[in-house]
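Colleague: This is the structure I want to talk about, given as structure tokens.
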Amino acid sequence: MKLPNSWNEITVAQYNEIKDSPEKSGGIFSLSAWILAVLLDKEIEEIEDEFSAVEIAEKFKEIKWIFSEPKGKLKQEINLNGSILKLKPINKVTFGEAIDIFELIDKEQAIEKTAAIFYRRWRLNDWGNIEFEPRGYNLQERVDQMQDLNVGEICEVLNEFKKFNQTIRENYAEMFEDTDEEEDEEREPWEEEEEEAGRESYEEKKEQAKKEAQKKHGWFLIALKMANNDPTKLDDVFRLSFAYVMNILAIEFETR
């Protein structure tokens with residue numbers, strides 16, 4: 001019985017099962033047995049019948065890498081059911097694609113959904129340049145097709161996007177600063193008393209809810225604004241380069 005040595009030997013489906021294992025386990029022994037069962041493609045009852053608690057604990061020590069985030073090598077091409085898909089350059093991400101990924105980061109199937117957005121069918125146009133298929137394909141269908149790929153084969157797409165996002169935030173740091181914090185200023189005695197008492201008026205709660213909604217739907221609101229509040233023009237905005245949109249927002253931020 002040979003255990004995998006890294007994420008490169010784990011399928012996407014196995015990775016998702018392992019992430020779900022703490023919720024299905026009832027203690028360290030059950031957790032260890034569950035993960036071993038997933039890695040060895042066995043039922044948990046088989047693992048518990050075949051090995052003692054000590055043996056399970058010893059084998060679990062061999063897979064300490066399971067507690068780290070998946071790492072791999074960014075691949076320019078992958079073979080998906082016989083079709084060669086090419087990686088669309090991450091710095092060429094559109095505004096709509098970026099919004100999609102912001103929505104799914106840290107959620108279920110984030111790795112394969114990000115990969116499904118960036119790995120595309122492609123062709124050479126009349127000038128010998130690569131043309132990627134448009135986002136008209138069924139994303140979930142492609143995600144489902146990726147379940148048998150090694151997670152180490154596609155995980156770096158999400159990792160690279162996170163780095164790209166961090167670079168964007170550093171380059172446009174002023175736009176991402178938290179503006180909720182009030183500057184230090186002299187306050188009237190009654191204001192301090194209200195703050196200490198923890199009283200919050202209906203209007204304050206309403207304003208707070210509005211800020212939270214703006215934070216949650218911020219990118220979409222930006223898209224709607226760029227479409228001049230015309231929903232029929234949103235598709236055109238979503239096809240714009242994310243870098244281009246950020247430059248437009250930066251200019252607006254500096255001149256407002």
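Labels used: A, B, ... for chains in the order of the structure tokens, numbers from 1 for residues in each chain, and numbers from 1 for ligands as shown.
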Would you mind listing what lies within 12 Å of Asn247 in chain A as a PyMOL selection string, with only C-alpha atoms counted and same-chain residues fewer than 5 positions away left out?
Modeller: chain A and resi 95+168+171-172+175+240-242+252-254
Colleague: Using all heavy atoms, can you export the residues from the last selection as a compact mmCIF listing (two decimals), in the first residue's frame?
Modeller:
# COMPACT_ATOMS: atom_id res chain seq x y z
N PHE A 95 -12.14 42.04 -17.31
CA PHE A 95 -12.80 42.55 -16.12
C PHE A 95 -13.84 41.53 -15.63
O PHE A 95 -13.93 41.25 -14.42
CB PHE A 95 -13.46 43.89 -16.44
CG PHE A 95 -14.05 44.60 -15.26
CD1 PHE A 95 -13.44 44.56 -14.02
CD2 PHE A 95 -15.23 45.32 -15.37
CE1 PHE A 95 -13.97 45.22 -12.93
CE2 PHE A 95 -15.77 45.99 -14.29
CZ PHE A 95 -15.14 45.94 -13.07
N ILE A 168 -1.84 44.02 -8.28
CA ILE A 168 -2.81 45.06 -8.63
C ILE A 168 -3.11 45.92 -7.41
O ILE A 168 -3.13 47.16 -7.47
CB ILE A 168 -4.12 44.44 -9.16
CG1 ILE A 168 -3.91 43.84 -10.55
CG2 ILE A 168 -5.25 45.46 -9.19
CD1 ILE A 168 -3.70 44.85 -11.65
N ASN A 171 -0.17 48.16 -6.64
CA ASN A 171 -0.01 49.23 -7.62
C ASN A 171 -1.08 50.31 -7.48
O ASN A 171 -0.84 51.47 -7.82
CB ASN A 171 -0.03 48.66 -9.04
CG ASN A 171 1.20 47.83 -9.35
OD1 ASN A 171 2.21 47.92 -8.67
ND2 ASN A 171 1.12 47.01 -10.39
N TYR A 172 -2.26 49.88 -7.00
CA TYR A 172 -3.36 50.84 -6.85
C TYR A 172 -3.77 50.90 -5.37
O TYR A 172 -4.96 50.92 -5.04
CB TYR A 172 -4.55 50.42 -7.70
CG TYR A 172 -4.25 50.35 -9.19
CD1 TYR A 172 -3.85 49.15 -9.77
CD2 TYR A 172 -4.35 51.47 -10.00
CE1 TYR A 172 -3.56 49.08 -11.14
CE2 TYR A 172 -4.08 51.41 -11.36
CZ TYR A 172 -3.67 50.21 -11.91
OH TYR A 172 -3.39 50.14 -13.26
N MET A 175 -6.50 53.21 -3.86
CA MET A 175 -7.89 52.91 -4.19
C MET A 175 -8.48 51.82 -3.29
O MET A 175 -9.69 51.72 -3.14
CB MET A 175 -8.00 52.46 -5.65
CG MET A 175 -7.71 53.56 -6.65
SD MET A 175 -7.58 52.92 -8.33
CE MET A 175 -9.10 51.98 -8.46
N LEU A 240 -13.74 44.09 -21.35
CA LEU A 240 -12.58 44.98 -21.26
C LEU A 240 -11.47 44.33 -20.45
O LEU A 240 -11.72 43.52 -19.56
CB LEU A 240 -12.98 46.30 -20.60
CG LEU A 240 -13.96 47.20 -21.36
CD1 LEU A 240 -14.36 48.38 -20.48
CD2 LEU A 240 -13.34 47.69 -22.67
N SER A 241 -10.24 44.70 -20.74
CA SER A 241 -9.10 44.22 -19.95
C SER A 241 -9.23 44.72 -18.51
O SER A 241 -9.57 45.88 -18.27
CB SER A 241 -7.80 44.74 -20.56
OG SER A 241 -6.74 44.67 -19.64
N PHE A 242 -8.96 43.84 -17.55
CA PHE A 242 -9.02 44.22 -16.14
C PHE A 242 -8.01 45.34 -15.86
O PHE A 242 -8.31 46.30 -15.13
CB PHE A 242 -8.75 43.01 -15.26
CG PHE A 242 -8.80 43.30 -13.79
CD1 PHE A 242 -9.93 43.85 -13.21
CD2 PHE A 242 -7.71 43.03 -12.97
CE1 PHE A 242 -9.99 44.12 -11.84
CE2 PHE A 242 -7.76 43.30 -11.61
CZ PHE A 242 -8.89 43.85 -11.05
N GLU A 252 -9.77 58.30 -12.56
CA GLU A 252 -10.97 58.91 -11.94
C GLU A 252 -10.70 59.20 -10.47
O GLU A 252 -11.11 60.24 -9.94
CB GLU A 252 -12.16 57.98 -12.11
CG GLU A 252 -13.44 58.55 -11.52
CD GLU A 252 -14.62 57.61 -11.70
OE1 GLU A 252 -14.64 56.88 -12.70
OE2 GLU A 252 -15.51 57.60 -10.82
N PHE A 253 -10.00 58.28 -9.80
CA PHE A 253 -9.71 58.44 -8.37
C PHE A 253 -8.82 59.65 -8.14
O PHE A 253 -9.01 60.41 -7.19
CB PHE A 253 -9.04 57.16 -7.87
CG PHE A 253 -8.70 57.19 -6.39
CD1 PHE A 253 -9.66 56.90 -5.44
CD2 PHE A 253 -7.42 57.52 -5.98
CE1 PHE A 253 -9.35 56.91 -4.08
CE2 PHE A 253 -7.10 57.55 -4.62
CZ PHE A 253 -8.07 57.25 -3.68
N GLU A 254 -7.84 59.84 -9.02
CA GLU A 254 -6.89 60.95 -8.86
C GLU A 254 -7.49 62.31 -9.19
O GLU A 254 -7.05 63.33 -8.67
CB GLU A 254 -5.67 60.71 -9.75
CG GLU A 254 -4.80 59.54 -9.30
CD GLU A 254 -3.64 59.28 -10.24
OE1 GLU A 254 -3.50 60.06 -11.22
OE2 GLU A 254 -2.89 58.33 -10.01
Colleague: Write out as JSON, numbers by chain which residues come within 8 Å of Gly72 in chain A when counting only C-alpha atoms, dropping same-chain ones fewer than 2 positions away.
Modeller: {"A": [7, 8, 70, 74, 152, 153, 154, 155, 156]}
Colleague: Let's have the selection written as an mmCIF file, in the first residue's frame, with N, CA and C atoms.
Modeller:
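File produced: part-v2.cif:
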data_model
loop_
_atom_site.group_PDB
_atom_site.id
_atom_site.type_symbol
_atom_site.label_atom_id
_atom_site.label_comp_id
_atom_site.auth_asym_id
_atom_site.auth_seq_id
_atom_site.Cartn_x
_atom_site.Cartn_y
_atom_site.Cartn_z
ATOM 1 N N TRP A 7 0.909 16.673 -3.611
ATOM 2 C CA TRP A 7 -0.344 17.022 -4.271
ATOM 3 C C TRP A 7 -0.331 16.629 -5.742
ATOM 4 N N ASN A 8 0.859 16.461 -6.309
ATOM 5 C CA ASN A 8 0.952 16.078 -7.712
ATOM 6 C C ASN A 8 0.420 14.676 -7.964
ATOM 7 N N PRO A 70 -2.105 23.265 -1.735
ATOM 8 C CA PRO A 70 -1.605 22.602 -2.948
ATOM 9 C C PRO A 70 -0.631 23.498 -3.712
ATOM 10 N N LEU A 74 3.187 25.791 -12.799
ATOM 11 C CA LEU A 74 2.225 26.372 -13.724
ATOM 12 C C LEU A 74 2.439 25.782 -15.112
ATOM 13 N N GLY A 152 -2.220 19.118 -8.375
ATOM 14 C CA GLY A 152 -0.963 19.839 -8.561
ATOM 15 C C GLY A 152 -0.763 20.319 -9.980
ATOM 16 N N GLU A 153 -1.519 19.746 -10.912
ATOM 17 C CA GLU A 153 -1.400 20.106 -12.321
ATOM 18 C C GLU A 153 -2.094 21.419 -12.640
ATOM 19 N N ILE A 154 -3.125 21.778 -11.862
ATOM 20 C CA ILE A 154 -3.904 22.981 -12.188
ATOM 21 C C ILE A 154 -3.980 24.008 -11.054
ATOM 22 N N CYS A 155 -3.482 23.666 -9.855
ATOM 23 C CA CYS A 155 -3.653 24.573 -8.710
ATOM 24 C C CYS A 155 -2.896 25.881 -8.852
ATOM 25 N N GLU A 156 -1.801 25.868 -9.629
ATOM 26 C CA GLU A 156 -0.988 27.083 -9.714
ATOM 27 C C GLU A 156 -1.684 28.213 -10.455
#
Colleague: With only C-alpha atoms as the basis for distance, which of A:Asn165, A:Asn81, A:Leu234, A:Leu3 is at the shortest distance from Lys59 in chain A?
Modeller: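 Checking each of A:Asn165, A:Asn81, A:Leu234, A:Leu3 against Lys59 in chain A, counting only C-alpha atoms, the winner is A:Leu3.
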Colleague: Could you pull out the residues in range 25-252 of chain A that DSSP calls alpha helix (DSSP H) from the backbone, as a PyMOL selection string?
Modeller: chain A and resi 28-39+44-50+53-61+95-104+110-118+139-145+151-171+173-176+189-197+202-216+218-226+234-238+242-252
Colleague: Would you list the contacts of range 96-104 of chain A as a ChimeraX atom specification, taking every protein, DNA or RNA residue within 10 Å and counting only C-alpha atoms, but skipping same-chain residues closer than 6 positions in sequence?
Modeller: /A:90,110-111,113-114,117-118,135,158,161-162,165,216-220,223,234-242
Colleague: Would you compute the distance between CA of Phe29 in chain A and CA of Val151 in chain A? Give it in Å to one decimal.
Modeller: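 Distance between the two atoms: 25.3 Å.
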Colleague: Using only C-alpha atoms for the distances, tell me which of A:Glu46, A:Glu112, A:Asp230, A:Glu55 is nearest to Leu139 in chain A.
Modeller: A:Glu112
Colleague: Could you name the residues that touch Glu77 in chain A at 6 Å or less, counting only C-alpha atoms, but leaving out those on the same chain fewer than 2 positions away, as a short mmCIF file (atom, residue, chain, number, x, y, z; two decimals) with N, CA, C and O atoms, in the first residue's frame?
Modeller:
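See selection-v6.cif below for the written result:
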data_model
loop_
_atom_site.label_atom_id
_atom_site.label_comp_id
_atom_site.auth_asym_id
_atom_site.auth_seq_id
_atom_site.Cartn_x
_atom_site.Cartn_y
_atom_site.Cartn_z
N LYS A 75 1.41 25.13 -15.63
CA LYS A 75 1.51 24.49 -16.93
C LYS A 75 0.86 25.36 -18.00
O LYS A 75 -0.21 25.92 -17.78
N LEU A 85 -5.79 22.05 -24.02
CA LEU A 85 -6.20 23.40 -23.66
C LEU A 85 -4.97 24.22 -23.30
O LEU A 85 -4.06 23.73 -22.64
N LYS A 86 -4.97 25.47 -23.74
CA LYS A 86 -3.82 26.34 -23.51
C LYS A 86 -4.17 27.38 -22.45
O LYS A 86 -5.31 27.84 -22.37
N LEU A 87 -3.18 27.74 -21.65
CA LEU A 87 -3.38 28.72 -20.59
C LEU A 87 -3.44 30.13 -21.17
O LEU A 87 -2.49 30.60 -21.80
#
Colleague: With distances taken over only C-alpha atoms, which of A:Ser52, A:Asn91, A:Thr11, A:Asn5 is nearest to Gln147 in chain A?
Modeller: A:Thr11
Colleague: Could you pull the residues within 12 Å of Gln14 in chain A, counting only C-alpha atoms, minus those fewer than 4 positions along the same chain, as JSON, numbers by chain?
Modeller: {"A": [4, 7, 8, 9, 10, 18, 19, 20, 21, 34, 35, 36, 37, 38, 39, 40, 41, 42, 66, 109, 146, 147, 148, 149, 150, 151, 152]}
Colleague: Figure out the distance between CA of Ala116 in chain A and CA of Val143 in chain A, please, to one decimal in Å.
Modeller: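 Going from CA of Val143 in chain A over to CA of Ala116 in chain A, I get 5.9 Å.
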Colleague: Between A:Trp127, A:Ala243, A:Glu108, A:Val157, which has the minimum distance to Ile78 in chain A (counting only C-alpha atoms)?
Modeller: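 Answer, going by the shortest atom-to-atom distance: A:Val157.
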Colleague: Where in range 55-93 of chain A does DSSP assign strand (DSSP E or B), given as a compact mmCIF listing (two decimals) with all heavy atoms, in the first residue's frame?
Modeller:
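File written: out18.txt
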# COMPACT_ATOMS: atom_id res chain seq x y z
N GLU A 77 -0.10 24.19 -20.90
CA GLU A 77 -1.11 23.38 -21.58
C GLU A 77 -1.52 22.22 -20.70
O GLU A 77 -0.71 21.72 -19.90
CB GLU A 77 -0.58 22.84 -22.91
CG GLU A 77 -0.28 23.90 -23.96
CD GLU A 77 0.21 23.28 -25.27
OE1 GLU A 77 0.53 22.07 -25.27
OE2 GLU A 77 0.28 24.01 -26.28
N ILE A 78 -2.76 21.79 -20.82
CA ILE A 78 -3.23 20.58 -20.15
C ILE A 78 -4.02 19.74 -21.15
O ILE A 78 -4.58 20.27 -22.11
CB ILE A 78 -4.11 20.89 -18.92
CG1 ILE A 78 -5.38 21.64 -19.32
CG2 ILE A 78 -3.33 21.62 -17.85
CD1 ILE A 78 -6.39 21.77 -18.20
N ASN A 79 -4.03 18.45 -20.89
CA ASN A 79 -4.81 17.54 -21.73
C ASN A 79 -6.10 17.21 -21.00
O ASN A 79 -6.09 16.60 -19.93
CB ASN A 79 -4.01 16.26 -21.99
CG ASN A 79 -4.70 15.35 -23.00
OD1 ASN A 79 -5.92 15.25 -23.05
ND2 ASN A 79 -3.91 14.66 -23.80
N LEU A 80 -7.20 17.66 -21.55
CA LEU A 80 -8.51 17.42 -20.92
C LEU A 80 -9.36 16.57 -21.84
O LEU A 80 -9.86 17.04 -22.87
CB LEU A 80 -9.20 18.76 -20.63
CG LEU A 80 -10.48 18.67 -19.79
CD1 LEU A 80 -10.16 18.17 -18.39
CD2 LEU A 80 -11.17 20.02 -19.71
N SER A 83 -8.42 16.74 -25.46
CA SER A 83 -8.28 18.07 -26.04
C SER A 83 -7.17 18.83 -25.33
O SER A 83 -7.09 18.81 -24.09
CB SER A 83 -9.59 18.87 -25.91
OG SER A 83 -10.62 18.27 -26.66
N ILE A 84 -6.30 19.46 -26.11
CA ILE A 84 -5.22 20.24 -25.52
C ILE A 84 -5.72 21.67 -25.29
O ILE A 84 -6.06 22.38 -26.25
CB ILE A 84 -3.98 20.27 -26.43
CG1 ILE A 84 -3.47 18.85 -26.69
CG2 ILE A 84 -2.88 21.12 -25.81
CD1 ILE A 84 -3.09 18.09 -25.44
N LEU A 85 -5.79 22.05 -24.02
CA LEU A 85 -6.20 23.40 -23.66
C LEU A 85 -4.97 24.22 -23.30
O LEU A 85 -4.06 23.73 -22.64
CB LEU A 85 -7.17 23.38 -22.48
CG LEU A 85 -8.42 22.50 -22.61
CD1 LEU A 85 -9.34 22.73 -21.42
CD2 LEU A 85 -9.16 22.79 -23.91
N LYS A 86 -4.97 25.47 -23.74
CA LYS A 86 -3.82 26.34 -23.51
C LYS A 86 -4.17 27.38 -22.45
O LYS A 86 -5.31 27.84 -22.37
CB LYS A 86 -3.41 27.01 -24.82
CG LYS A 86 -2.07 27.75 -24.76
CD LYS A 86 -1.72 28.37 -26.10
CE LYS A 86 -1.35 27.31 -27.13
NZ LYS A 86 -0.03 26.70 -26.81
N LEU A 87 -3.18 27.74 -21.65
CA LEU A 87 -3.38 28.72 -20.59
C LEU A 87 -3.44 30.13 -21.17
O LEU A 87 -2.49 30.60 -21.80
CB LEU A 87 -2.24 28.64 -19.57
CG LEU A 87 -2.29 29.64 -18.41
CD1 LEU A 87 -3.44 29.30 -17.47
CD2 LEU A 87 -0.96 29.66 -17.66
